[in-house]
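*Asks:* Structure provided below as structure tokens; questions to follow.
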Amino acid sequence: MILVTGGAGYIGSHAVLSLLKDNYEILIFDNLERGHIETVETLQKLGKVTFFKGDLRKADDLERVFKQYNIESVLHFAAFALVEESVKEPFKYYKNNVLGSVNLINIMLKNNVKNIVFSSSCATYGEPKYFPIDEKHPQKPINPYGEAKLEVEKILLEYDKLYGLKSVILRYFNVAGCDEYCRIGEWHEPETHLIPNILKCATNKEKIFKIYGDDYNTPDGTCIRDYVNVEDLADAHKLALEYLKKENKSDIFNLGTEKGNSVKEIFDICEKTVNSKVNREITHRRAGDPAILYADSAKAKKILGWKPNRTLEESIQRAFEWEKKMQTGNYIS
Ligand code: UFG
């Protein structure tokens, strides 16, 4: 069985879906603080998925889950993942994201489970020194979210040296889109991410879309990010699990499309997708946002055999379909 922490969340649930296509048996561990039971129920209709409501901060929950089930490897998604919130409430991020991860890997070792795929982030790089960003780029996070992810990376590598724990660290860039049949999708409350926020305005769920700053040192003044499709990203986790089994060694990979788009460019693609004008205004910068982030993913291509297959336009089209579905209030497929 593959233990998926945070499997009720956005990226975790898409990774579960990807694994189900290859008949993996999945155990989702999630406290449902940010994830959704409806997502789990949808996944349970599609394959062998067991759900355990538990919290990484409670060692007891982890003890019980490892005692009760035969866990072979772990995909570790569970984390708070909002940059701005992490600036305002850093301790929350260190406690949940760092201590929670330490609890998890300690219990893994106690139970002789030695393979883990960890969701890390381009936020560990901070303000880039060069582009595109490869895995060797210095890591100097500029927000507690990135700091906490980096701390877990270091702990994982330390645990390999000390105890032989093997980890694949995946550093995601920005993520977009949803399952091709819109059975699951991006569902955050509150929503803070760019594409869903534009689409909420396009569908009149919100009144006006706010661009956080147009005075960055970029061609149009707005921040540049690398938006990778969530299904493409999910597939990388399957490859990472296979890599751990075959190679039995730890490694780190960036996952992005290697192309950056500005906030204004994304806005334009969204307007084209929805085929109408969306209200927008320029407001102040958001704390913790670096100006430009885009990936060099050559290593993941070469070693994992991964490549992003879906376009940004496809991701936005899917996100639009999902947004419309969300607004009907019918989340279960
Ligand atoms: N943005 C707006 N208006 C909005 C929302 C976002 O202008 O309403 C801008 C942001 O300022 C940023 C860009 O759009 O410049 C993208 O913002 P997102 O919130 O969609 O995503 P982030 O760039 O903050 O993503 C970061 C890291 C990821 C990490 C994620 C966690 O790049 O690695 O935070 O939420 F996983």
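A note on labels: chains of the structure tokens are A, B, ... as shown, every chain counts residues from 1, and ligands are counted from 1 in their shown order.
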Extract, using only C-alpha atoms, all DNA, RNA and protein residues at most 7 Å from A:Glu281, discarding same-chain residues fewer than 3 positions from it, and format them as a PDB file with N, CA and C atoms, in the first residue's frame.
*Replies:*
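Okay, around13.pdb is ready:
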ATOM      1  N   PHE A 209     -10.664  41.213  -9.948  1.00  0.00           N
ATOM      2  CA  PHE A 209      -9.407  40.502  -9.769  1.00  0.00           C
ATOM      3  C   PHE A 209      -8.294  41.495  -9.456  1.00  0.00           C
ATOM      4  N   LYS A 210      -7.493  41.165  -8.427  1.00  0.00           N
ATOM      5  CA  LYS A 210      -6.407  42.067  -8.015  1.00  0.00           C
ATOM      6  C   LYS A 210      -5.062  41.528  -8.480  1.00  0.00           C
ATOM      7  N   ILE A 211      -4.326  42.366  -9.211  1.00  0.00           N
ATOM      8  CA  ILE A 211      -2.941  42.025  -9.565  1.00  0.00           C
ATOM      9  C   ILE A 211      -2.047  42.564  -8.452  1.00  0.00           C
TER      10      ILE A 211
END
*Asks:* Neighbouring residues of ligand 1 are defined here as those with any atom at most 9 Å from a ligand atom, counting only C-alpha atoms and all ligand atoms; list them as a PDB file with N, CA, C and O atoms, in the first residue's frame.
*Replies:*
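Result written to out-v3.pdb:
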ATOM      1  N   PHE A  80       0.727  22.985   5.014  1.00  0.00           N
ATOM      2  CA  PHE A  80       0.113  24.265   4.689  1.00  0.00           C
ATOM      3  C   PHE A  80       0.923  24.835   3.529  1.00  0.00           C
ATOM      4  O   PHE A  80       2.149  24.702   3.507  1.00  0.00           O
ATOM      5  N   ALA A  81       0.244  25.515   2.587  1.00  0.00           N
ATOM      6  CA  ALA A  81       0.976  25.888   1.366  1.00  0.00           C
ATOM      7  C   ALA A  81       0.644  27.293   0.873  1.00  0.00           C
ATOM      8  O   ALA A  81       0.536  27.518  -0.327  1.00  0.00           O
ATOM      9  N   LEU A  82       0.495  28.223   1.800  1.00  0.00           N
ATOM     10  CA  LEU A  82       0.212  29.582   1.357  1.00  0.00           C
ATOM     11  C   LEU A  82       1.334  30.512   1.801  1.00  0.00           C
ATOM     12  O   LEU A  82       1.595  30.663   3.001  1.00  0.00           O
ATOM     13  N   VAL A  83       1.980  31.100   0.817  1.00  0.00           N
ATOM     14  CA  VAL A  83       3.159  31.913   1.108  1.00  0.00           C
ATOM     15  C   VAL A  83       2.807  33.076   2.042  1.00  0.00           C
ATOM     16  O   VAL A  83       3.471  33.302   3.060  1.00  0.00           O
ATOM     17  N   GLU A  84       1.744  33.791   1.703  1.00  0.00           N
ATOM     18  CA  GLU A  84       1.421  34.993   2.484  1.00  0.00           C
ATOM     19  C   GLU A  84       1.060  34.625   3.931  1.00  0.00           C
ATOM     20  O   GLU A  84       1.498  35.276   4.889  1.00  0.00           O
ATOM     21  N   SER A 119       7.046  16.434  -1.401  1.00  0.00           N
ATOM     22  CA  SER A 119       6.627  17.614  -2.165  1.00  0.00           C
ATOM     23  C   SER A 119       7.370  18.833  -1.669  1.00  0.00           C
ATOM     24  O   SER A 119       7.003  19.413  -0.661  1.00  0.00           O
ATOM     25  N   SER A 120       8.394  19.234  -2.398  1.00  0.00           N
ATOM     26  CA  SER A 120       9.060  20.480  -2.038  1.00  0.00           C
ATOM     27  C   SER A 120       8.662  21.548  -3.062  1.00  0.00           C
ATOM     28  O   SER A 120       7.709  21.361  -3.828  1.00  0.00           O
ATOM     29  N   SER A 121       9.395  22.636  -3.069  1.00  0.00           N
ATOM     30  CA  SER A 121       8.887  23.784  -3.818  1.00  0.00           C
ATOM     31  C   SER A 121      10.012  24.656  -4.347  1.00  0.00           C
ATOM     32  O   SER A 121      11.091  24.745  -3.750  1.00  0.00           O
ATOM     33  N   CYS A 122       9.692  25.353  -5.433  1.00  0.00           N
ATOM     34  CA  CYS A 122      10.634  26.351  -5.951  1.00  0.00           C
ATOM     35  C   CYS A 122      10.776  27.505  -4.956  1.00  0.00           C
ATOM     36  O   CYS A 122      11.703  28.307  -5.067  1.00  0.00           O
ATOM     37  N   ALA A 123       9.845  27.570  -3.987  1.00  0.00           N
ATOM     38  CA  ALA A 123       9.942  28.620  -2.962  1.00  0.00           C
ATOM     39  C   ALA A 123      11.197  28.438  -2.105  1.00  0.00           C
ATOM     40  O   ALA A 123      11.563  29.339  -1.358  1.00  0.00           O
ATOM     41  N   THR A 124      11.865  27.270  -2.205  1.00  0.00           N
ATOM     42  CA  THR A 124      13.107  27.078  -1.441  1.00  0.00           C
ATOM     43  C   THR A 124      14.270  27.867  -2.057  1.00  0.00           C
ATOM     44  O   THR A 124      15.290  28.050  -1.410  1.00  0.00           O
ATOM     45  N   TYR A 145       7.256  29.636   4.360  1.00  0.00           N
ATOM     46  CA  TYR A 145       6.802  28.445   3.629  1.00  0.00           C
ATOM     47  C   TYR A 145       8.002  27.763   2.961  1.00  0.00           C
ATOM     48  O   TYR A 145       8.235  26.563   3.111  1.00  0.00           O
ATOM     49  N   GLY A 146       8.796  28.560   2.241  1.00  0.00           N
ATOM     50  CA  GLY A 146       9.979  28.023   1.569  1.00  0.00           C
ATOM     51  C   GLY A 146      11.020  27.544   2.562  1.00  0.00           C
ATOM     52  O   GLY A 146      11.669  26.502   2.372  1.00  0.00           O
ATOM     53  N   ARG A 171      10.767  19.415  -6.412  1.00  0.00           N
ATOM     54  CA  ARG A 171      10.545  20.855  -6.212  1.00  0.00           C
ATOM     55  C   ARG A 171       9.596  21.354  -7.295  1.00  0.00           C
ATOM     56  O   ARG A 171       9.992  21.533  -8.452  1.00  0.00           O
ATOM     57  N   TYR A 172       8.330  21.542  -6.886  1.00  0.00           N
ATOM     58  CA  TYR A 172       7.321  21.995  -7.849  1.00  0.00           C
ATOM     59  C   TYR A 172       7.469  23.483  -8.101  1.00  0.00           C
ATOM     60  O   TYR A 172       7.723  24.254  -7.185  1.00  0.00           O
ATOM     61  N   PHE A 173       7.154  23.855  -9.332  1.00  0.00           N
ATOM     62  CA  PHE A 173       6.957  25.262  -9.629  1.00  0.00           C
ATOM     63  C   PHE A 173       5.441  25.506  -9.486  1.00  0.00           C
ATOM     64  O   PHE A 173       4.786  24.839  -8.710  1.00  0.00           O
ATOM     65  N   ASN A 174       4.859  26.443 -10.168  1.00  0.00           N
ATOM     66  CA  ASN A 174       3.418  26.681  -9.931  1.00  0.00           C
ATOM     67  C   ASN A 174       2.578  25.621 -10.637  1.00  0.00           C
ATOM     68  O   ASN A 174       2.975  25.124 -11.692  1.00  0.00           O
ATOM     69  N   VAL A 175       1.439  25.333 -10.074  1.00  0.00           N
ATOM     70  CA  VAL A 175       0.644  24.202 -10.563  1.00  0.00           C
ATOM     71  C   VAL A 175      -0.710  24.699 -11.055  1.00  0.00           C
ATOM     72  O   VAL A 175      -1.308  25.593 -10.444  1.00  0.00           O
ATOM     73  N   ALA A 176      -1.196  24.108 -12.146  1.00  0.00           N
ATOM     74  CA  ALA A 176      -2.464  24.591 -12.722  1.00  0.00           C
ATOM     75  C   ALA A 176      -3.256  23.437 -13.321  1.00  0.00           C
ATOM     76  O   ALA A 176      -2.706  22.388 -13.638  1.00  0.00           O
ATOM     77  N   GLU A 191      -9.457  30.784  -1.484  1.00  0.00           N
ATOM     78  CA  GLU A 191      -8.593  30.628  -2.659  1.00  0.00           C
ATOM     79  C   GLU A 191      -7.655  31.829  -2.734  1.00  0.00           C
ATOM     80  O   GLU A 191      -8.087  32.962  -2.564  1.00  0.00           O
ATOM     81  N   THR A 192      -6.372  31.547  -2.946  1.00  0.00           N
ATOM     82  CA  THR A 192      -5.411  32.654  -3.048  1.00  0.00           C
ATOM     83  C   THR A 192      -4.650  32.602  -4.364  1.00  0.00           C
ATOM     84  O   THR A 192      -3.920  33.526  -4.686  1.00  0.00           O
ATOM     85  N   HIS A 193      -4.771  31.509  -5.112  1.00  0.00           N
ATOM     86  CA  HIS A 193      -3.917  31.313  -6.284  1.00  0.00           C
ATOM     87  C   HIS A 193      -4.430  32.060  -7.512  1.00  0.00           C
ATOM     88  O   HIS A 193      -5.620  32.323  -7.658  1.00  0.00           O
ATOM     89  N   LEU A 194      -3.469  32.355  -8.376  1.00  0.00           N
ATOM     90  CA  LEU A 194      -3.733  33.249  -9.499  1.00  0.00           C
ATOM     91  C   LEU A 194      -4.866  32.774 -10.429  1.00  0.00           C
ATOM     92  O   LEU A 194      -5.852  33.491 -10.624  1.00  0.00           O
ATOM     93  N   ILE A 195      -4.695  31.604 -11.016  1.00  0.00           N
ATOM     94  CA  ILE A 195      -5.645  31.189 -12.068  1.00  0.00           C
ATOM     95  C   ILE A 195      -7.073  31.026 -11.517  1.00  0.00           C
ATOM     96  O   ILE A 195      -8.011  31.625 -12.063  1.00  0.00           O
ATOM     97  N   PRO A 196      -7.267  30.285 -10.420  1.00  0.00           N
ATOM     98  CA  PRO A 196      -8.641  30.213  -9.899  1.00  0.00           C
ATOM     99  C   PRO A 196      -9.208  31.581  -9.519  1.00  0.00           C
ATOM    100  O   PRO A 196     -10.408  31.822  -9.696  1.00  0.00           O
ATOM    101  N   ASN A 197      -8.353  32.473  -9.028  1.00  0.00           N
ATOM    102  CA  ASN A 197      -8.873  33.799  -8.658  1.00  0.00           C
ATOM    103  C   ASN A 197      -9.358  34.575  -9.885  1.00  0.00           C
ATOM    104  O   ASN A 197     -10.401  35.234  -9.833  1.00  0.00           O
ATOM    105  N   ILE A 198      -8.628  34.487 -10.974  1.00  0.00           N
ATOM    106  CA  ILE A 198      -9.089  35.172 -12.200  1.00  0.00           C
ATOM    107  C   ILE A 198     -10.410  34.545 -12.659  1.00  0.00           C
ATOM    108  O   ILE A 198     -11.373  35.241 -13.002  1.00  0.00           O
ATOM    109  N   PHE A 209     -10.664  41.213  -9.948  1.00  0.00           N
ATOM    110  CA  PHE A 209      -9.407  40.502  -9.769  1.00  0.00           C
ATOM    111  C   PHE A 209      -8.294  41.495  -9.456  1.00  0.00           C
ATOM    112  O   PHE A 209      -8.149  42.519 -10.129  1.00  0.00           O
ATOM    113  N   LYS A 210      -7.493  41.165  -8.427  1.00  0.00           N
ATOM    114  CA  LYS A 210      -6.407  42.067  -8.015  1.00  0.00           C
ATOM    115  C   LYS A 210      -5.062  41.528  -8.480  1.00  0.00           C
ATOM    116  O   LYS A 210      -4.699  40.397  -8.152  1.00  0.00           O
ATOM    117  N   ILE A 211      -4.326  42.366  -9.211  1.00  0.00           N
ATOM    118  CA  ILE A 211      -2.941  42.025  -9.565  1.00  0.00           C
ATOM    119  C   ILE A 211      -2.047  42.564  -8.452  1.00  0.00           C
ATOM    120  O   ILE A 211      -2.056  43.774  -8.179  1.00  0.00           O
ATOM    121  N   TYR A 212      -1.269  41.672  -7.824  1.00  0.00           N
ATOM    122  CA  TYR A 212      -0.428  42.102  -6.703  1.00  0.00           C
ATOM    123  C   TYR A 212       0.891  42.708  -7.200  1.00  0.00           C
ATOM    124  O   TYR A 212       1.925  42.060  -7.181  1.00  0.00           O
ATOM    125  N   GLY A 213       0.811  43.944  -7.640  1.00  0.00           N
ATOM    126  CA  GLY A 213       2.021  44.680  -8.005  1.00  0.00           C
ATOM    127  C   GLY A 213       2.350  44.612  -9.480  1.00  0.00           C
ATOM    128  O   GLY A 213       2.343  43.527 -10.065  1.00  0.00           O
ATOM    129  N   ASP A 214       2.582  45.794 -10.087  1.00  0.00           N
ATOM    130  CA  ASP A 214       3.067  45.802 -11.484  1.00  0.00           C
ATOM    131  C   ASP A 214       4.346  46.626 -11.594  1.00  0.00           C
ATOM    132  O   ASP A 214       4.643  47.191 -12.633  1.00  0.00           O
ATOM    133  N   THR A 222       4.760  42.655 -13.930  1.00  0.00           N
ATOM    134  CA  THR A 222       4.103  41.687 -13.033  1.00  0.00           C
ATOM    135  C   THR A 222       4.973  40.432 -12.894  1.00  0.00           C
ATOM    136  O   THR A 222       5.836  40.167 -13.742  1.00  0.00           O
ATOM    137  N   CYS A 223       4.712  39.673 -11.831  1.00  0.00           N
ATOM    138  CA  CYS A 223       5.565  38.514 -11.506  1.00  0.00           C
ATOM    139  C   CYS A 223       5.465  37.418 -12.570  1.00  0.00           C
ATOM    140  O   CYS A 223       4.387  37.177 -13.131  1.00  0.00           O
ATOM    141  N   ILE A 224       6.584  36.755 -12.764  1.00  0.00           N
ATOM    142  CA  ILE A 224       6.647  35.655 -13.730  1.00  0.00           C
ATOM    143  C   ILE A 224       6.774  34.326 -12.980  1.00  0.00           C
ATOM    144  O   ILE A 224       7.568  34.200 -12.055  1.00  0.00           O
ATOM    145  N   ARG A 225       5.951  33.355 -13.404  1.00  0.00           N
ATOM    146  CA  ARG A 225       5.975  32.017 -12.795  1.00  0.00           C
ATOM    147  C   ARG A 225       5.920  30.970 -13.900  1.00  0.00           C
ATOM    148  O   ARG A 225       5.533  31.257 -15.033  1.00  0.00           O
ATOM    149  N   ASP A 226       6.217  29.741 -13.503  1.00  0.00           N
ATOM    150  CA  ASP A 226       6.234  28.605 -14.429  1.00  0.00           C
ATOM    151  C   ASP A 226       5.063  27.701 -14.031  1.00  0.00           C
ATOM    152  O   ASP A 226       5.089  27.091 -12.962  1.00  0.00           O
ATOM    153  N   TYR A 227       4.040  27.635 -14.874  1.00  0.00           N
ATOM    154  CA  TYR A 227       2.796  26.926 -14.516  1.00  0.00           C
ATOM    155  C   TYR A 227       2.787  25.540 -15.138  1.00  0.00           C
ATOM    156  O   TYR A 227       2.615  25.397 -16.347  1.00  0.00           O
ATOM    157  N   SER A 262       3.955  35.887 -17.223  1.00  0.00           N
ATOM    158  CA  SER A 262       3.663  36.927 -16.240  1.00  0.00           C
ATOM    159  C   SER A 262       2.191  36.842 -15.808  1.00  0.00           C
ATOM    160  O   SER A 262       1.363  36.216 -16.484  1.00  0.00           O
ATOM    161  N   VAL A 263       1.881  37.531 -14.719  1.00  0.00           N
ATOM    162  CA  VAL A 263       0.498  37.573 -14.235  1.00  0.00           C
ATOM    163  C   VAL A 263      -0.403  38.141 -15.338  1.00  0.00           C
ATOM    164  O   VAL A 263      -1.495  37.608 -15.606  1.00  0.00           O
ATOM    165  N   LYS A 264       0.075  39.190 -16.002  1.00  0.00           N
ATOM    166  CA  LYS A 264      -0.769  39.783 -17.065  1.00  0.00           C
ATOM    167  C   LYS A 264      -0.968  38.816 -18.230  1.00  0.00           C
ATOM    168  O   LYS A 264      -2.055  38.765 -18.817  1.00  0.00           O
ATOM    169  N   ILE A 266      -1.042  35.540 -18.040  1.00  0.00           N
ATOM    170  CA  ILE A 266      -2.005  34.529 -17.577  1.00  0.00           C
ATOM    171  C   ILE A 266      -3.424  35.123 -17.626  1.00  0.00           C
ATOM    172  O   ILE A 266      -4.376  34.470 -18.078  1.00  0.00           O
ATOM    173  N   ILE A 282      -4.891  47.005 -10.249  1.00  0.00           N
ATOM    174  CA  ILE A 282      -3.536  46.784  -9.753  1.00  0.00           C
ATOM    175  C   ILE A 282      -3.512  47.205  -8.287  1.00  0.00           C
ATOM    176  O   ILE A 282      -3.998  48.281  -7.941  1.00  0.00           O
ATOM    177  N   THR A 283      -2.971  46.326  -7.453  1.00  0.00           N
ATOM    178  CA  THR A 283      -2.880  46.702  -6.049  1.00  0.00           C
ATOM    179  C   THR A 283      -1.428  46.501  -5.572  1.00  0.00           C
ATOM    180  O   THR A 283      -0.530  46.279  -6.381  1.00  0.00           O
ATOM    181  N   ARG A 285       2.051  45.026  -3.758  1.00  0.00           N
ATOM    182  CA  ARG A 285       2.712  43.728  -3.829  1.00  0.00           C
ATOM    183  C   ARG A 285       2.276  42.831  -2.673  1.00  0.00           C
ATOM    184  O   ARG A 285       1.934  43.343  -1.608  1.00  0.00           O
ATOM    185  N   ARG A 286       2.331  41.531  -2.886  1.00  0.00           N
ATOM    186  CA  ARG A 286       2.015  40.591  -1.806  1.00  0.00           C
ATOM    187  C   ARG A 286       3.327  40.173  -1.121  1.00  0.00           C
ATOM    188  O   ARG A 286       4.311  39.882  -1.805  1.00  0.00           O
ATOM    189  N   ALA A 287       3.307  40.121   0.208  1.00  0.00           N
ATOM    190  CA  ALA A 287       4.531  39.788   0.949  1.00  0.00           C
ATOM    191  C   ALA A 287       5.040  38.405   0.550  1.00  0.00           C
ATOM    192  O   ALA A 287       4.259  37.471   0.403  1.00  0.00           O
ATOM    193  N   GLY A 288       6.351  38.287   0.367  1.00  0.00           N
ATOM    194  CA  GLY A 288       6.974  36.972   0.141  1.00  0.00           C
ATOM    195  C   GLY A 288       7.026  36.531  -1.312  1.00  0.00           C
ATOM    196  O   GLY A 288       7.458  35.413  -1.593  1.00  0.00           O
ATOM    197  N   ASP A 289       6.597  37.372  -2.259  1.00  0.00           N
ATOM    198  CA  ASP A 289       6.586  36.983  -3.680  1.00  0.00           C
ATOM    199  C   ASP A 289       7.895  37.357  -4.388  1.00  0.00           C
ATOM    200  O   ASP A 289       8.188  38.541  -4.565  1.00  0.00           O
ATOM    201  N   PRO A 290       8.689  36.383  -4.868  1.00  0.00           N
ATOM    202  CA  PRO A 290       9.836  36.737  -5.710  1.00  0.00           C
ATOM    203  C   PRO A 290       9.348  37.184  -7.095  1.00  0.00           C
ATOM    204  O   PRO A 290       8.246  36.808  -7.517  1.00  0.00           O
ATOM    205  N   ALA A 291      10.153  37.994  -7.797  1.00  0.00           N
ATOM    206  CA  ALA A 291       9.721  38.549  -9.091  1.00  0.00           C
ATOM    207  C   ALA A 291       9.587  37.460 -10.164  1.00  0.00           C
ATOM    208  O   ALA A 291       8.610  37.431 -10.912  1.00  0.00           O
ATOM    209  N   ILE A 292      10.578  36.604 -10.247  1.00  0.00           N
ATOM    210  CA  ILE A 292      10.601  35.632 -11.357  1.00  0.00           C
ATOM    211  C   ILE A 292      11.004  34.249 -10.851  1.00  0.00           C
ATOM    212  O   ILE A 292      11.961  34.117 -10.091  1.00  0.00           O
ATOM    213  N   LEU A 293      10.247  33.228 -11.281  1.00  0.00           N
ATOM    214  CA  LEU A 293      10.622  31.839 -10.994  1.00  0.00           C
ATOM    215  C   LEU A 293      10.275  30.997 -12.214  1.00  0.00           C
ATOM    216  O   LEU A 293       9.113  30.964 -12.613  1.00  0.00           O
TER     217      LEU A 293
END
*Asks:* Would you mind writing down, as an NGL selection string, each residue of stretch 104-329 of chain A that DSSP on the backbone assigns to strand (DSSP E)?
*Replies:* :A and (115-121 or 166-172 or 174-176 or 209-212 or 224-225 or 227-229 or 251-255 or 261-262 or 280-283)
*Asks:* From the list A:Lys53, A:Lys299, A:Lys21, A:Lys67, which residue is nearest A:Asp251 when using only C-alpha atoms?
*Replies:*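 The answer is A:Lys299, which sits nearest to A:Asp251.
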*Asks:* From stretch 44-86 of chain A, collect each residue whose DSSP state is alpha helix (DSSP H) and return the set as a ChimeraX atom specification.
*Replies:* /A:44,59-68,83-86
*Asks:* So that I can check the surroundings of stretch 103-116 of chain A, please list as JSON, numbers by chain every protein, DNA and RNA residue that reaches within 9 Å of it, counting only C-alpha atoms and ignoring chain neighbours fewer than 3 positions away.
*Replies:* {"A": [56, 57, 58, 59, 62, 63, 66, 67, 71, 72, 73, 74, 75, 76, 98, 99, 100, 156, 159, 163, 164, 165, 166, 167, 168, 169, 241, 244, 245, 248, 250]}
*Asks:* Show which residues sit within 9 Å of A:Arg34, as a list in words. Count only C-alpha atoms, and ignore same-chain residues fewer than 5 positions away.
*Replies:*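 That gives Gly6, Ala8, Gly9, Ala79, Phe80, Trp187, His188 and Glu189 of chain A.
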